[in-house]
Every structure is written in structure tokens, then in C-alpha cells.
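S.K.: Okay, here's the structure, questions in a sec.
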Amino acid sequence: MPQDFDPERVPDVAAVRAAHERIRPHVHRTPVLTSRSLDVRVGARLFFKCENFQKVGAFKARGACNAVFSLSDAAAARGVVTHSSGNHGSALAWAARERGIPAYVVMPSNAPKIKQNAVRGYGGEVIFCEPNVAAREAACAQVQQRTGAELVHPFNDYRVVAGQGTATVELLEEVADLDAVIAPVGGGGLLSGTAIAGKSLRPSLKVWGAEPANADDAFRSFRSGRIEPLPATQTIADGLRTTLGTRTLPVIRSLVDDIQTASEAAIVEAMRFTWERMKIVVETSCSVPFATLLEGRFDVAGKRVGILLTGGNVDLDRLPWQN
């Protein structure tokens, strides 16, 4: 097992339920939507948990909020720090603003302006670094040394994992008789939380992960039992271009039933079909689960399947089906 994996600290369903109570005053209870057209395409009954309607436009608000509101007053006063070029940075800045504490977000120097502005818009301080993992971690360490801020990792943090699991608690409260649930997987925080909540509340539930074929480290790690590094790669689902964490891989290996991948073409098709038929804005990364169903990666014929639509933060000037 990884050196910093402690089975005694892995959140259980009680921790997920406690997180749910903790964040309830701050986050949206997002709707569960259905679409006959999408059902027909894959031959299953689909239930979409719409975290694209969540605060900051993504499920990341749940984990960040739980981490921030788990802190003691003394720790919170020193603020929080993370490294993120995407939704987690915005979510942590938002959660910190909710509690009235500082947030420091380390971002690569090439991070899109729209993402930088989102962090600043929620009151976070942006610290730039070179676009590599070592530089991100070094910059976070410097901020911690300077400010005493608490590190809230985007996924390799049990408080974040417990917070992400609250989406599945709500999904199963609304649709109790699901046969399976599918979550996209990048660093594994959401999939870990989904598995903890799902398997505890409905032991017969199949829990599946979905990943771009162009960034298939979780697919490979799930099978090998060790973290398989993700080489330099490109995928339209760039939010999932992240290697599993030392704390998330053991949970996923223990509780998740399978991880499958989707092609780039299927991801674009899934995203566009969802926009056209459900009339909602979803981003590329959260289109990966439906994409795996379009390509028949999981046997869902006649089943009732929950899908976590993880976010709706899209650059409308760069839609993937535009020339």
C-alpha cells in the first residue's frame, strides 16, 4: 500500500453523512434529470445527478466545502491553499469566502484567463508556477511556510473524498433502486467518495469509473494495483488528465467494480447529444460516463443507471464540435 495510505482514516458512510450535514447550508441539492432519448440510445434507464448546476458549476464545491468547514477556528484563520488549474481552485476559493478566510490557489503560468479570473472572482489569491507537478507542490509548500495555510489537495484528501461522496447520498435518496452508478475519474476523489457511499447504502450497487482512452492511467492502475504514471497526453476531457492519488487508488481498488474508457469521438458525441436532447450545459469531462455507454463499455441493458454529471464550466467560444 502507498506510504501515506491509512485504512483507519479512510472515510466511511458515517463520515460522508456528516459531510452532507456540514455542507448542506452552503451547497445546492442538485436535481436528478432523465431523458427518454438518452435511454433509447443505450438501452437503459439513466438518471443524471446534475452537478453542473452546483455552486461554482461543479461537484468540486462539495469536497472543498467539507474540507474548509472541517477546520478548527484556529486552523481556518490561517487560510487554505491548493494547486489547481480547474474547478477545484475555484471551489476552494468559494468555500473559503463562505467561511471568511483566505484562500491561496497555485496555478500554472499557462492556466486559461477564464480560470484565473474565476478564482479571483471568489476572493482567492492566485500564485503562479511553472506548469508541472513538482513546481505546483513546491509553490504550495512555500505558501504554507509563509502563511501557515492548510493544504487541501484536489483529490488526495479524505475530507475532499467524503465531501464528494455526498452527491451519491443525494442520488440514492432520490432514486433508491439503482443497479449501477458511473462517475468520471481523474484523480479519484469523486469515484472514491461515490464508491464509499454507494456500496454502503446499497451493497448490490455496481460502481464504475469512466475515463478518456487518451488518459487511461486509472484504467491501468485499477488493473495493476499500483499508480501508473500518466505520460504527456492530450484529451478533450482535460479535467480528467490527472493521475490517481496514493489515498484514492486503494479505495478504488477495494470498492469499485470496473473502470472503462471512451474515445475522443465518443466524448464529443456524448456531450453534444446531451446538450441537444437534455437542453443543459455539460462539460467534456462529465460527458465521459455517457460516452462509455455509447461505445458499449459496460453492460447496462435493461438496467437503472445513475450518472454523475460533474460540471458545466464550458468555454462557449471553443465548443468541440465547432470548426
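The chains in the C-alpha cells are called A, B, ... from first to last as shown; in each chain the residues are counted from 1, and the ligands are counted from 1 in the order shown.
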Can you tell me which residues surround Val251 (chain A) at a distance of at most 10 Å, considering only C-alpha atoms, apart from same-chain residues fewer than 6 positions away, and format the answer as a ChimeraX atom specification?
M.R.: /A:5,7,10-11,188-189,191-193,195-196
S.K.: I need the chosen residues saved as a compact mmCIF listing (two decimals), in the first residue's frame, with N, CA and C atoms.
M.R.:
# COMPACT_ATOMS: atom_id res chain seq x y z
N PHE A 5 -1.13 5.98 2.85
CA PHE A 5 -2.47 5.40 2.93
C PHE A 5 -2.67 4.81 4.32
N PRO A 7 -5.65 3.01 6.38
CA PRO A 7 -7.02 2.48 6.32
C PRO A 7 -7.90 2.96 7.46
N VAL A 10 -9.60 6.29 6.27
CA VAL A 10 -10.48 6.31 5.10
C VAL A 10 -11.91 6.60 5.57
N PRO A 11 -12.58 7.58 5.00
CA PRO A 11 -13.94 7.88 5.45
C PRO A 11 -14.90 6.73 5.19
N GLY A 188 -9.45 10.65 -8.73
CA GLY A 188 -10.12 9.59 -7.99
C GLY A 188 -10.88 10.01 -6.75
N GLY A 189 -10.91 11.31 -6.44
CA GLY A 189 -11.65 11.75 -5.26
C GLY A 189 -13.14 11.49 -5.37
N LEU A 191 -14.71 9.36 -7.50
CA LEU A 191 -15.01 7.93 -7.62
C LEU A 191 -14.87 7.24 -6.27
N SER A 192 -13.87 7.63 -5.47
CA SER A 192 -13.72 7.06 -4.13
C SER A 192 -14.92 7.36 -3.27
N GLY A 193 -15.34 8.63 -3.24
CA GLY A 193 -16.49 9.01 -2.44
C GLY A 193 -17.77 8.35 -2.91
N ALA A 195 -17.98 5.43 -4.39
CA ALA A 195 -17.93 4.01 -4.02
C ALA A 195 -18.21 3.82 -2.54
N ILE A 196 -17.65 4.67 -1.70
CA ILE A 196 -17.88 4.55 -0.25
C ILE A 196 -19.36 4.71 0.06
S.K.: What's the 9 Å shell around Gly100 (chain A), counting only C-alpha atoms, without same-chain residues fewer than 5 positions away, as a PDB file with N, CA and C atoms, in the first residue's frame?
M.R.:
ATOM      1  N   ALA A  76      -8.461  27.475  10.503  1.00  0.00           N
ATOM      2  CA  ALA A  76      -9.141  28.190   9.425  1.00  0.00           C
ATOM      3  C   ALA A  76      -8.645  29.621   9.298  1.00  0.00           C
ATOM      4  N   ALA A  77      -8.326  30.232  10.412  1.00  0.00           N
ATOM      5  CA  ALA A  77      -7.885  31.629  10.387  1.00  0.00           C
ATOM      6  C   ALA A  77      -6.625  31.817   9.563  1.00  0.00           C
ATOM      7  N   ALA A  95     -15.408  28.310  -1.172  1.00  0.00           N
ATOM      8  CA  ALA A  95     -15.664  27.772   0.162  1.00  0.00           C
ATOM      9  C   ALA A  95     -14.985  28.621   1.233  1.00  0.00           C
TER      10      ALA A  95
END
S.K.: Please identify all polymer residues within 10 Å of Ala118 (chain A), counting only C-alpha atoms, omitting same-chain residues fewer than 6 positions from it, and present them as a list in words.
M.R.: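 The residues satisfying every condition are Val56, Gly86, Asn87, Gly89, Ser90, Ala91, Ala93, Trp94 and Gly124 of chain A.
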S.K.: Taking the DSSP assignment computed from this structure's backbone, write out as an NGL selection string all residues of region 134-320 of chain A that belong to helix (DSSP H, G or I).
M.R.: :A and (134-147 or 158-164 or 166-174 or 189-201 or 213-215 or 217-224 or 238-240 or 248-255 or 264-278 or 285-294)
S.K.: Could you work out how far CA of Ala74 (chain A) lies from CA of Arg9 (chain A), giving the answer in Å with one decimal?
M.R.: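 One can read the CA of Arg9 (chain A) to CA of Ala74 (chain A) distance as 22.1 Å.
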S.K.: Distance CA of Ile307 (chain A)-CA of Ile280 (chain A), one decimal place?
M.R.: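 Spanning CA of Ile307 (chain A) to CA of Ile280 (chain A) is a straight-line distance of 14.5 Å.
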